[in-house]
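A.B. asks: The structure under discussion is supplied below as structure tokens; questions concerning it will follow.
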Amino acid sequence: MRSLMRWLQSPKRKRVGAFLALSLFAVALLLPLVPVFAVAEDTPAASSDTPKIEKAKDVFYKTEGIVYGPPAPKLKYPDNYGTYGTFQSRTILWMANQQHLYFGSFVLAVPMFVMVVELVGMLQKDKRMSKKYDDLAHEFMKISLTAYSITAILGGLLIFTFLALYPGFFMYLASIFRPVMHVYALMFILESGVLYVYYYGWDKMNDSPFLKWCHLSLSVLLNTVGLVLMFFANTWLAFMQAPAGVDDQGRFLGNIWNAIHTPLVIPIVVHRILGNAAFGGGVVAAYAAYRFLAAKSPEEKAHYDWMSYTAMFMGVLNLIPLPFAGYWLMREVYAYRQQMGITLMGGLLAWVFIMQATMIATLFITLNYYLWTAMGRMPGSERYTRFFKYMLLVLIVATLTWLTPHTLVMTPAELKAMGGAQHPVIGNYGVMSAKNTAINIIITTTVLCFCIYQRANKVPTVKWAWWGNLALGAIFVGAATNVIFLGIYGYFIPANVRIGLSVPQVCSTLTTLFIGVTLNTMILKNARSLGEIRWGQMSTRGAYALFLLAVAFTWTMAVMGYIRSSVRLHWHINEIMRDASPWAFTNPIGYAGNINSLNVLIFWTMLLFVFWLGTLTDKKVHSTVKDTAGEGIEGVSIPVGSH
Amino acid sequence: MTVEGVGEMQEEGTTTEAGLGKRIVFFIIFLALALGYYLSIDYILMVFAQNLPFPYK
């Protein structure tokens with residue numbers, strides 16, 4: 001008893017008390033979920049008392065279920081639609097959706113990075129580096145916090161737009177997802193609570209290792225809630241694209257899990273998590289590049305150069321698997337409805353995919369360009385400079401192959417002159433065999449570029465370096481040979497066998513990524529440095545490349561979102577609920593491109609405001625860099641991934 | 001990088017320890033091994049994972 005009293009009087013009690021208060025707060029935030037789950041479970045039981053029971057078959061799972069809801073209403077224009085003057089309601093909703101999605105993606109992605117950076121900081125043995133990472137994580141979070149408010153505002157705007165312009169559709173969707181919509185709203189409150197405690201409690205919880213681990217746990221909680229939020233939002237759009245849990249009239253069959261677990265939801269969720277993370281990395285890198293360009297002192301430049309590299313690196317980690325997740329999603333689309341796949345890849349929207357390919361190729365070329373430029377600040381990189389032009393050549397050839405359309409839009413005279421819609425030579429590159437090969441070569445080249453970046457200022461000292469280098473070369477050359485071989489082989493076999501070749505092609509590329517980078521890292525173990533990275537001495541072109549990278553991410557998201565949404569054609573909910581509005585047609589590519597560009601412009605204008613706000617409160621960020629820079633900028637230690 | 005840097009690197013034998021012929025021979029051996037690995041992965045992924053004929057007959 002006496003020891004307990006002594007403990008209560010100890011200086012630590014305040015911290016423990018604070019921790020308990022935080023835990024109670026977190027539990028209190030979770031409490032509202034309990035009745036919602038209870039209600040969700042009770043509803044079917046209560047309804048089962050109704051005397052008349054009608055059964056129907058699930059439109060996707062083909063299982064029988066009891067009909068719980070009314071059929072999807074047959075909408076009429078203008079009765080079930082709203083308008084604002086002569087503006088296209090669809091375009092207004094499109095923009096509201098896109099803006100909310102941009103900010104939502106950003107605020108969900110940044111905490112993932114922050115969690116990783118904070119953990120890396122905590123695991124550092126060097127206290128100076130530990131603080132440096134911690135400050136970086138804190139700064140990431142600061143940017144995210146302002147964006148979070150904008151996300152919430154845009155979310156409100158989106159709901160009002162739905163209610164005002166598409167009330168009939170929205171009410172039906174809400175009737176299906178009513179139980180989880182409540183959970184979604186409550187999760188949003190939980191997210192806000194955890195976010196504010198996490199951000200504002202940062203300095204307070206830095207005092208002891210125990211509290212710091214609690215702080216990191218809050219980050220885990222924050223990310224978990226964020227992912228659940230995103231999952232719910234994704235289930236609604238996945239339901240619109242490929243519904244399940246309802247019968248062919250759209251009547252809800254009582255099993256909410258079937259409506260959530262629709263045929264495309266998992267690949268969409270995976271693709272979106274990776275996409276959001278890549279996008280978030282790109283935006284933070286652009287923020288750091290902006291601060292790098294605006295920085296006046298060498299210390300500030302060093303800090304933001306390092307920050308932009310770290311953010312870019314994290315974004316790219318997610319960018320590399322992104323195309324594969326995209327292929328998986330497309331594969332599932334084909335499995336769900338072959339016609340939907342054909343509309344996407346070979347029909348109405350095929351040209352939009354060419355735009356998407358242009359943007360993704362731009363992303364990879366820009367990324368390589370950034371790495372080449374960034375090597376300029378690494379002593380010893382001159383050894384590799386002469387290879388860059390060949391890598392660029394490979395990237396350009398692969399990009400051009402990827403962009404080659406299968407058929408062209410032409411006048412009858414042009415058709416006659418060419419002998420058909422398909423060009424006799426370059427038409428051969430407009431098929432999936434060539435395109436899969438091209439993107440795999442682009443990614444393999446990017447991985448190679450990263451390996452070169454890793455060793456730019458290093459000389460291997462391990463005894464087996466000679467053998468290791470040969471093996472590394474063989475891994476890359478072998479992968480490229482195999483990818484090209486499978487690409488050519490695809491021309492000689494039937495389509496149903498050919499489509500399977502994309503899997504081993506991807507595997508070859510992933511081999512270079514996982515085995516190649518691992519081997520390269522092992523070769524560079526205890527390598528002799530030719531000089532520290534001169535942070536802050538990156539050329540301004542590198543910073544501008546990061547802007548391009550971020551804008552390309554944004555534009556790619558816009559165009560991909562447009563493709564995914566447009567593939568429903570004249571359906572609000574595919575094959576269940578028709579879009580009866582006058583805008584139920586597929587837009588011309590030019591119009592879609594303009595709206596996408598406008599969305600990108602609006603987003604970046606708002607983001608510049610967020611960036612500017614970030615500069616207003618920025619006083620202490622560089623204190624640690626300043627300490628380091630006291631020993632000269634070259635004394636800035638090398639962060640994760642830069643080797 | 002300084003010129004000395006290149007010199008040191010060469011002295012350590014990362015690039016000039018072996019003759020060009022030896023490097024080519026060993027590279028071909030490694031490449032053959034790598035291609036063997038890739039082709040076996042192709043076979044496994046096509047035949048076992050996807051139930052598709054590889055090579056197609």
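Scheme for the structure tokens: letters A, B, ... for chains in order shown; per-chain residue numbers from 1; ligand numbers from 1 in order shown.
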Leaving out stretch 42-47 of chain B and any residue of its chain fewer than 6 positions from it, which residues lie within 7 Å of it when counting only C-alpha atoms, given as a PDB file with all heavy atoms, in the first residue's frame?

C.D. replies:
```
ATOM      1  N   GLY A 500      -2.531 -15.800 -69.900  1.00  0.00           N
ATOM      2  CA  GLY A 500      -1.842 -16.354 -68.729  1.00  0.00           C
ATOM      3  C   GLY A 500      -0.369 -15.980 -68.661  1.00  0.00           C
ATOM      4  O   GLY A 500       0.246 -16.065 -67.597  1.00  0.00           O
ATOM      5  N   PRO A 504       3.715 -14.928 -65.402  1.00  0.00           N
ATOM      6  CA  PRO A 504       5.175 -15.110 -65.317  1.00  0.00           C
ATOM      7  C   PRO A 504       5.976 -13.870 -65.718  1.00  0.00           C
ATOM      8  O   PRO A 504       7.078 -13.666 -65.197  1.00  0.00           O
ATOM      9  CB  PRO A 504       5.454 -16.280 -66.276  1.00  0.00           C
ATOM     10  CG  PRO A 504       4.235 -16.495 -67.053  1.00  0.00           C
ATOM     11  CD  PRO A 504       3.089 -15.942 -66.269  1.00  0.00           C
TER      12      PRO A 504
ATOM     13  N   PRO B  53      -1.440 -24.682 -71.005  1.00  0.00           N
ATOM     14  CA  PRO B  53      -0.313 -25.413 -71.590  1.00  0.00           C
ATOM     15  C   PRO B  53       0.912 -24.517 -71.803  1.00  0.00           C
ATOM     16  O   PRO B  53       0.788 -23.402 -72.312  1.00  0.00           O
ATOM     17  CB  PRO B  53      -0.877 -25.886 -72.943  1.00  0.00           C
ATOM     18  CG  PRO B  53      -1.985 -24.950 -73.254  1.00  0.00           C
ATOM     19  CD  PRO B  53      -2.533 -24.465 -71.956  1.00  0.00           C
ATOM     20  N   PHE B  54       2.056 -25.005 -71.378  1.00  0.00           N
ATOM     21  CA  PHE B  54       3.300 -24.252 -71.610  1.00  0.00           C
ATOM     22  C   PHE B  54       4.459 -25.230 -71.747  1.00  0.00           C
ATOM     23  O   PHE B  54       4.731 -25.968 -70.810  1.00  0.00           O
ATOM     24  CB  PHE B  54       3.567 -23.289 -70.450  1.00  0.00           C
ATOM     25  CG  PHE B  54       4.767 -22.412 -70.683  1.00  0.00           C
ATOM     26  CD1 PHE B  54       4.654 -21.256 -71.444  1.00  0.00           C
ATOM     27  CD2 PHE B  54       6.003 -22.736 -70.160  1.00  0.00           C
ATOM     28  CE1 PHE B  54       5.750 -20.440 -71.663  1.00  0.00           C
ATOM     29  CE2 PHE B  54       7.107 -21.924 -70.372  1.00  0.00           C
ATOM     30  CZ  PHE B  54       6.972 -20.778 -71.123  1.00  0.00           C
TER      31      PHE B  54
END
```

A.B. asks: Near A:Arg331, within 12 Å and counting only C-alpha atoms, which residues show up once chain neighbours fewer than 5 positions away are dropped, as a list of chain:residue names?

C.D. replies: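 Listing them by chain and then by number gives A:Pro263, A:Leu264, A:Pro267, A:Ile268, A:Phe324, A:Ala325, A:Gly326, A:Tyr336, A:Arg337, A:Gln338, A:Met340, A:Gly341, A:Ile342, A:Leu344, A:Met345, A:Ile499, A:Gly500, A:Ser502, A:Val503.
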
A.B. asks: Could you check how far atom CA of A:Asn276 sits from atom CA of A:Pro243, in Å to one decimal?

C.D. replies: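 Atom-to-atom, atom CA of A:Asn276 to atom CA of A:Pro243, that is 24.0 Å.
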
A.B. asks: Check stretch 306-437 of chain A with DSSP on the backbone and list each residue it calls helix (DSSP H, G or I), as an MDAnalysis selection string.

C.D. replies: chainID A and resid 306:319 322:336 338:345 350:377 382:403 412:418 426:430 432:437

A.B. asks: If you keep C-alpha atoms, can you produce a file of those selected residues as a short mmCIF file (atom, residue, chain, number, x, y, z; two decimals), in the first residue's frame?

C.D. replies:
```cif
data_model
loop_
_atom_site.label_atom_id
_atom_site.label_comp_id
_atom_site.auth_asym_id
_atom_site.auth_seq_id
_atom_site.Cartn_x
_atom_site.Cartn_y
_atom_site.Cartn_z
CA TRP A 306 16.10 14.77 -47.79
CA MET A 307 12.38 15.02 -47.07
CA SER A 308 11.46 15.05 -50.75
CA TYR A 309 13.65 12.00 -51.38
CA THR A 310 12.13 10.09 -48.45
CA ALA A 311 8.57 10.89 -49.51
CA MET A 312 9.31 10.06 -53.13
CA PHE A 313 10.90 6.77 -52.10
CA MET A 314 7.85 5.77 -50.08
CA GLY A 315 5.53 6.73 -52.90
CA VAL A 316 7.52 4.73 -55.41
CA LEU A 317 7.54 1.66 -53.16
CA ASN A 318 3.80 1.63 -53.71
CA LEU A 319 3.92 2.69 -57.33
CA LEU A 322 0.45 -0.69 -58.63
CA PRO A 323 0.28 -1.78 -62.30
CA PHE A 324 0.17 -5.41 -61.18
CA ALA A 325 -2.75 -4.66 -58.87
CA GLY A 326 -4.35 -2.96 -61.86
CA TYR A 327 -3.90 -6.05 -64.00
CA TRP A 328 -5.42 -8.15 -61.23
CA LEU A 329 -8.42 -5.84 -61.11
CA MET A 330 -8.82 -6.06 -64.88
CA ARG A 331 -8.58 -9.81 -64.72
CA GLU A 332 -11.40 -9.86 -62.16
CA VAL A 333 -13.42 -7.48 -64.33
CA TYR A 334 -13.08 -9.90 -67.25
CA ALA A 335 -14.03 -12.78 -64.98
CA TYR A 336 -17.12 -10.88 -63.79
CA GLN A 338 -16.23 -10.22 -70.25
CA GLN A 339 -18.12 -7.46 -72.05
CA MET A 340 -17.16 -4.99 -69.34
CA GLY A 341 -13.51 -5.88 -69.82
CA ILE A 342 -13.79 -5.47 -73.56
CA THR A 343 -15.49 -2.07 -73.16
CA LEU A 344 -12.57 -1.03 -71.02
CA MET A 345 -9.59 -2.43 -72.85
CA ALA A 350 -9.67 1.82 -74.92
CA TRP A 351 -8.44 5.25 -75.94
CA VAL A 352 -8.74 6.48 -72.39
CA PHE A 353 -6.46 3.61 -71.46
CA ILE A 354 -3.95 4.98 -73.95
CA MET A 355 -4.11 8.26 -72.01
CA GLN A 356 -3.62 6.33 -68.79
CA ALA A 357 -0.62 4.51 -70.28
CA THR A 358 0.85 7.87 -71.28
CA MET A 359 0.52 9.12 -67.73
CA ILE A 360 1.98 6.01 -66.11
CA ALA A 361 4.89 6.02 -68.55
CA THR A 362 5.37 9.71 -67.69
CA LEU A 363 5.45 8.75 -64.04
CA PHE A 364 8.16 6.16 -64.54
CA ILE A 365 10.28 8.30 -66.88
CA THR A 366 10.02 11.22 -64.45
CA LEU A 367 10.96 8.98 -61.57
CA ASN A 368 14.04 7.75 -63.44
CA TYR A 369 14.90 11.32 -64.37
CA TYR A 370 14.66 12.35 -60.73
CA LEU A 371 16.96 9.52 -59.68
CA TRP A 372 19.49 10.41 -62.39
CA THR A 373 19.39 14.06 -61.33
CA ALA A 374 19.53 13.14 -57.65
CA MET A 375 22.68 11.12 -58.28
CA GLY A 376 24.34 14.43 -59.14
CA ARG A 377 24.67 15.05 -55.39
CA GLU A 382 29.84 9.73 -62.56
CA ARG A 383 30.79 6.09 -63.10
CA TYR A 384 27.21 5.35 -64.11
CA THR A 385 26.20 8.52 -65.94
CA ARG A 386 27.07 7.10 -69.35
CA PHE A 387 24.46 4.34 -68.92
CA PHE A 388 21.58 6.76 -68.40
CA LYS A 389 21.11 7.51 -72.08
CA TYR A 390 20.68 3.81 -72.87
CA MET A 391 18.19 3.45 -70.06
CA LEU A 392 16.30 6.44 -71.40
CA LEU A 393 16.28 4.85 -74.84
CA VAL A 394 14.81 1.64 -73.42
CA LEU A 395 12.19 3.63 -71.50
CA ILE A 396 11.20 5.61 -74.59
CA VAL A 397 10.94 2.54 -76.84
CA ALA A 398 8.86 0.73 -74.21
CA THR A 399 6.67 3.79 -73.69
CA LEU A 400 6.02 4.18 -77.42
CA THR A 401 5.13 0.51 -77.62
CA TRP A 402 2.77 0.88 -74.71
CA LEU A 403 1.08 3.89 -76.28
CA PRO A 412 -12.24 6.36 -95.33
CA ALA A 413 -9.45 7.62 -97.59
CA GLU A 414 -6.86 7.08 -94.86
CA LEU A 415 -8.27 3.64 -94.18
CA LYS A 416 -7.95 2.73 -97.83
CA ALA A 417 -4.41 4.07 -98.06
CA MET A 418 -3.30 2.06 -95.02
CA ILE A 426 3.05 -0.65 -85.79
CA GLY A 427 -0.40 -2.22 -85.46
CA ASN A 428 1.44 -5.30 -84.18
CA TYR A 429 2.49 -3.33 -81.10
CA GLY A 430 -1.08 -2.40 -80.25
CA MET A 432 -1.59 -6.85 -74.99
CA SER A 433 1.45 -9.05 -75.62
CA ALA A 434 3.45 -5.98 -76.58
CA LYS A 435 1.96 -3.73 -73.92
CA ASN A 436 2.52 -6.15 -71.05
CA THR A 437 6.09 -6.54 -72.20
#
```

A.B. asks: Which residues of chain A sit at most 7 Å from chain B, using only C-alpha atoms? Give each one's shortest atom pair and distance in Å (one decimal place), in chain and ascending residue order, as a tab-separated table.

C.D. replies:
```
residue	atom	partner	partner_atom	distance
A:Pro379	CA	B:Met1	CA	4.6
A:Gly380	CA	B:Met1	CA	3.9
A:Ser381	CA	B:Met1	CA	6.7
A:Glu382	CA	B:Met1	CA	6.2
A:Val459	CA	B:Met9	CA	6.5
A:Ala465	CA	B:Thr14	CA	6.9
A:Trp466	CA	B:Thr14	CA	5.9
A:Leu470	CA	B:Phe27	CA	5.7
A:Ala471	CA	B:Phe30	CA	5.9
A:Ala474	CA	B:Leu31	CA	4.6
A:Ile475	CA	B:Ala34	CA	5.9
A:Gly478	CA	B:Leu35	CA	5.4
A:Asn482	CA	B:Tyr38	CA	6.7
A:Ile493	CA	B:Tyr56	CA	6.9
A:Val497	CA	B:Leu52	CA	6.1
A:Gly500	CA	B:Met46	CA	6.5
A:Pro504	CA	B:Asp42	CA	5.0
A:Ser508	CA	B:Tyr38	CA	6.7
A:Leu530	CA	B:Gly5	CA	6.8
```

A.B. asks: I need the strand (DSSP E or B) residues of stretch 32-182 of chain A per DSSP on the backbone, written as a ChimeraX atom specification.

C.D. replies: /A:55-57,64-66

A.B. asks: Could you tell me how far atom CA of A:Pro460 sits from atom CA of A:Val517, in Å to one decimal place?

C.D. replies: 14.5 Å

A.B. asks: List the spatial neighbours of stretch 227-233 of chain A as a PDB file with N, CA and C atoms, in the first residue's frame - criterion: any atom at most 9 Å away, only C-alpha atoms, same-chain residues fewer than 3 positions off excluded.

C.D. replies:
```pdb
ATOM      1  N   GLY A 104      -9.195  12.873 -49.570  1.00  0.00           N
ATOM      2  CA  GLY A 104      -9.365  11.673 -48.750  1.00  0.00           C
ATOM      3  C   GLY A 104      -8.165  10.742 -48.905  1.00  0.00           C
ATOM      4  N   SER A 105      -7.735  10.545 -50.143  1.00  0.00           N
ATOM      5  CA  SER A 105      -6.582   9.671 -50.397  1.00  0.00           C
ATOM      6  C   SER A 105      -5.352  10.209 -49.692  1.00  0.00           C
ATOM      7  N   LEU A 108      -5.434   9.755 -45.950  1.00  0.00           N
ATOM      8  CA  LEU A 108      -5.317   8.360 -45.531  1.00  0.00           C
ATOM      9  C   LEU A 108      -3.913   7.827 -45.771  1.00  0.00           C
ATOM     10  N   VAL A 180     -24.026   0.036 -42.473  1.00  0.00           N
ATOM     11  CA  VAL A 180     -22.602   0.392 -42.516  1.00  0.00           C
ATOM     12  C   VAL A 180     -22.391   1.882 -42.732  1.00  0.00           C
ATOM     13  N   MET A 181     -23.393   2.576 -43.273  1.00  0.00           N
ATOM     14  CA  MET A 181     -23.239   4.029 -43.429  1.00  0.00           C
ATOM     15  C   MET A 181     -23.137   4.700 -42.064  1.00  0.00           C
ATOM     16  N   VAL A 183     -21.938   3.211 -39.432  1.00  0.00           N
ATOM     17  CA  VAL A 183     -20.608   2.844 -38.926  1.00  0.00           C
ATOM     18  C   VAL A 183     -19.562   3.762 -39.570  1.00  0.00           C
ATOM     19  N   TYR A 184     -19.753   4.013 -40.854  1.00  0.00           N
ATOM     20  CA  TYR A 184     -18.818   4.887 -41.581  1.00  0.00           C
ATOM     21  C   TYR A 184     -18.743   6.257 -40.905  1.00  0.00           C
ATOM     22  N   ALA A 185     -19.920   6.820 -40.631  1.00  0.00           N
ATOM     23  CA  ALA A 185     -19.957   8.154 -40.016  1.00  0.00           C
ATOM     24  C   ALA A 185     -19.279   8.135 -38.645  1.00  0.00           C
ATOM     25  N   MET A 187     -17.051   5.978 -37.611  1.00  0.00           N
ATOM     26  CA  MET A 187     -15.607   5.762 -37.783  1.00  0.00           C
ATOM     27  C   MET A 187     -14.916   7.083 -38.117  1.00  0.00           C
ATOM     28  N   PHE A 188     -15.625   7.909 -38.807  1.00  0.00           N
ATOM     29  CA  PHE A 188     -15.050   9.213 -39.160  1.00  0.00           C
ATOM     30  C   PHE A 188     -14.805  10.046 -37.904  1.00  0.00           C
ATOM     31  N   GLU A 191     -11.857   8.531 -36.225  1.00  0.00           N
ATOM     32  CA  GLU A 191     -10.649   8.944 -36.953  1.00  0.00           C
ATOM     33  C   GLU A 191     -10.235  10.354 -36.516  1.00  0.00           C
ATOM     34  N   LEU A 222      -4.994   4.797 -35.851  1.00  0.00           N
ATOM     35  CA  LEU A 222      -5.400   5.801 -36.841  1.00  0.00           C
ATOM     36  C   LEU A 222      -5.433   5.195 -38.244  1.00  0.00           C
ATOM     37  N   ASN A 223      -4.398   4.444 -38.580  1.00  0.00           N
ATOM     38  CA  ASN A 223      -4.333   3.841 -39.918  1.00  0.00           C
ATOM     39  C   ASN A 223      -5.385   2.747 -40.090  1.00  0.00           C
ATOM     40  N   THR A 224      -5.617   2.007 -39.013  1.00  0.00           N
ATOM     41  CA  THR A 224      -6.642   0.948 -39.092  1.00  0.00           C
ATOM     42  C   THR A 224      -8.003   1.577 -39.376  1.00  0.00           C
ATOM     43  N   TRP A 236     -19.162   0.685 -51.716  1.00  0.00           N
ATOM     44  CA  TRP A 236     -20.325   1.282 -52.399  1.00  0.00           C
ATOM     45  C   TRP A 236     -20.068   1.387 -53.890  1.00  0.00           C
ATOM     46  N   LEU A 237     -18.881   1.850 -54.235  1.00  0.00           N
ATOM     47  CA  LEU A 237     -18.618   1.985 -55.681  1.00  0.00           C
ATOM     48  C   LEU A 237     -18.428   0.611 -56.333  1.00  0.00           C
ATOM     49  N   ALA A 238     -17.892  -0.345 -55.555  1.00  0.00           N
ATOM     50  CA  ALA A 238     -17.743  -1.704 -56.103  1.00  0.00           C
ATOM     51  C   ALA A 238     -19.121  -2.326 -56.312  1.00  0.00           C
ATOM     52  N   ILE A 260     -21.469  -6.171 -49.424  1.00  0.00           N
ATOM     53  CA  ILE A 260     -20.131  -5.585 -49.227  1.00  0.00           C
ATOM     54  C   ILE A 260     -19.093  -6.360 -50.038  1.00  0.00           C
ATOM     55  N   VAL A 265     -14.636  -6.000 -55.202  1.00  0.00           N
ATOM     56  CA  VAL A 265     -14.262  -5.108 -54.097  1.00  0.00           C
ATOM     57  C   VAL A 265     -12.822  -5.317 -53.621  1.00  0.00           C
ATOM     58  N   VAL A 269     -10.007  -2.456 -53.578  1.00  0.00           N
ATOM     59  CA  VAL A 269      -9.450  -1.974 -52.306  1.00  0.00           C
ATOM     60  C   VAL A 269      -7.922  -2.016 -52.350  1.00  0.00           C
ATOM     61  N   ARG A 272      -6.566   0.582 -54.642  1.00  0.00           N
ATOM     62  CA  ARG A 272      -6.717   1.940 -54.102  1.00  0.00           C
ATOM     63  C   ARG A 272      -5.748   2.215 -52.959  1.00  0.00           C
ATOM     64  N   ILE A 273      -5.496   1.213 -52.133  1.00  0.00           N
ATOM     65  CA  ILE A 273      -4.541   1.437 -51.030  1.00  0.00           C
ATOM     66  C   ILE A 273      -3.173   1.784 -51.619  1.00  0.00           C
TER      67      ILE A 273
END
```
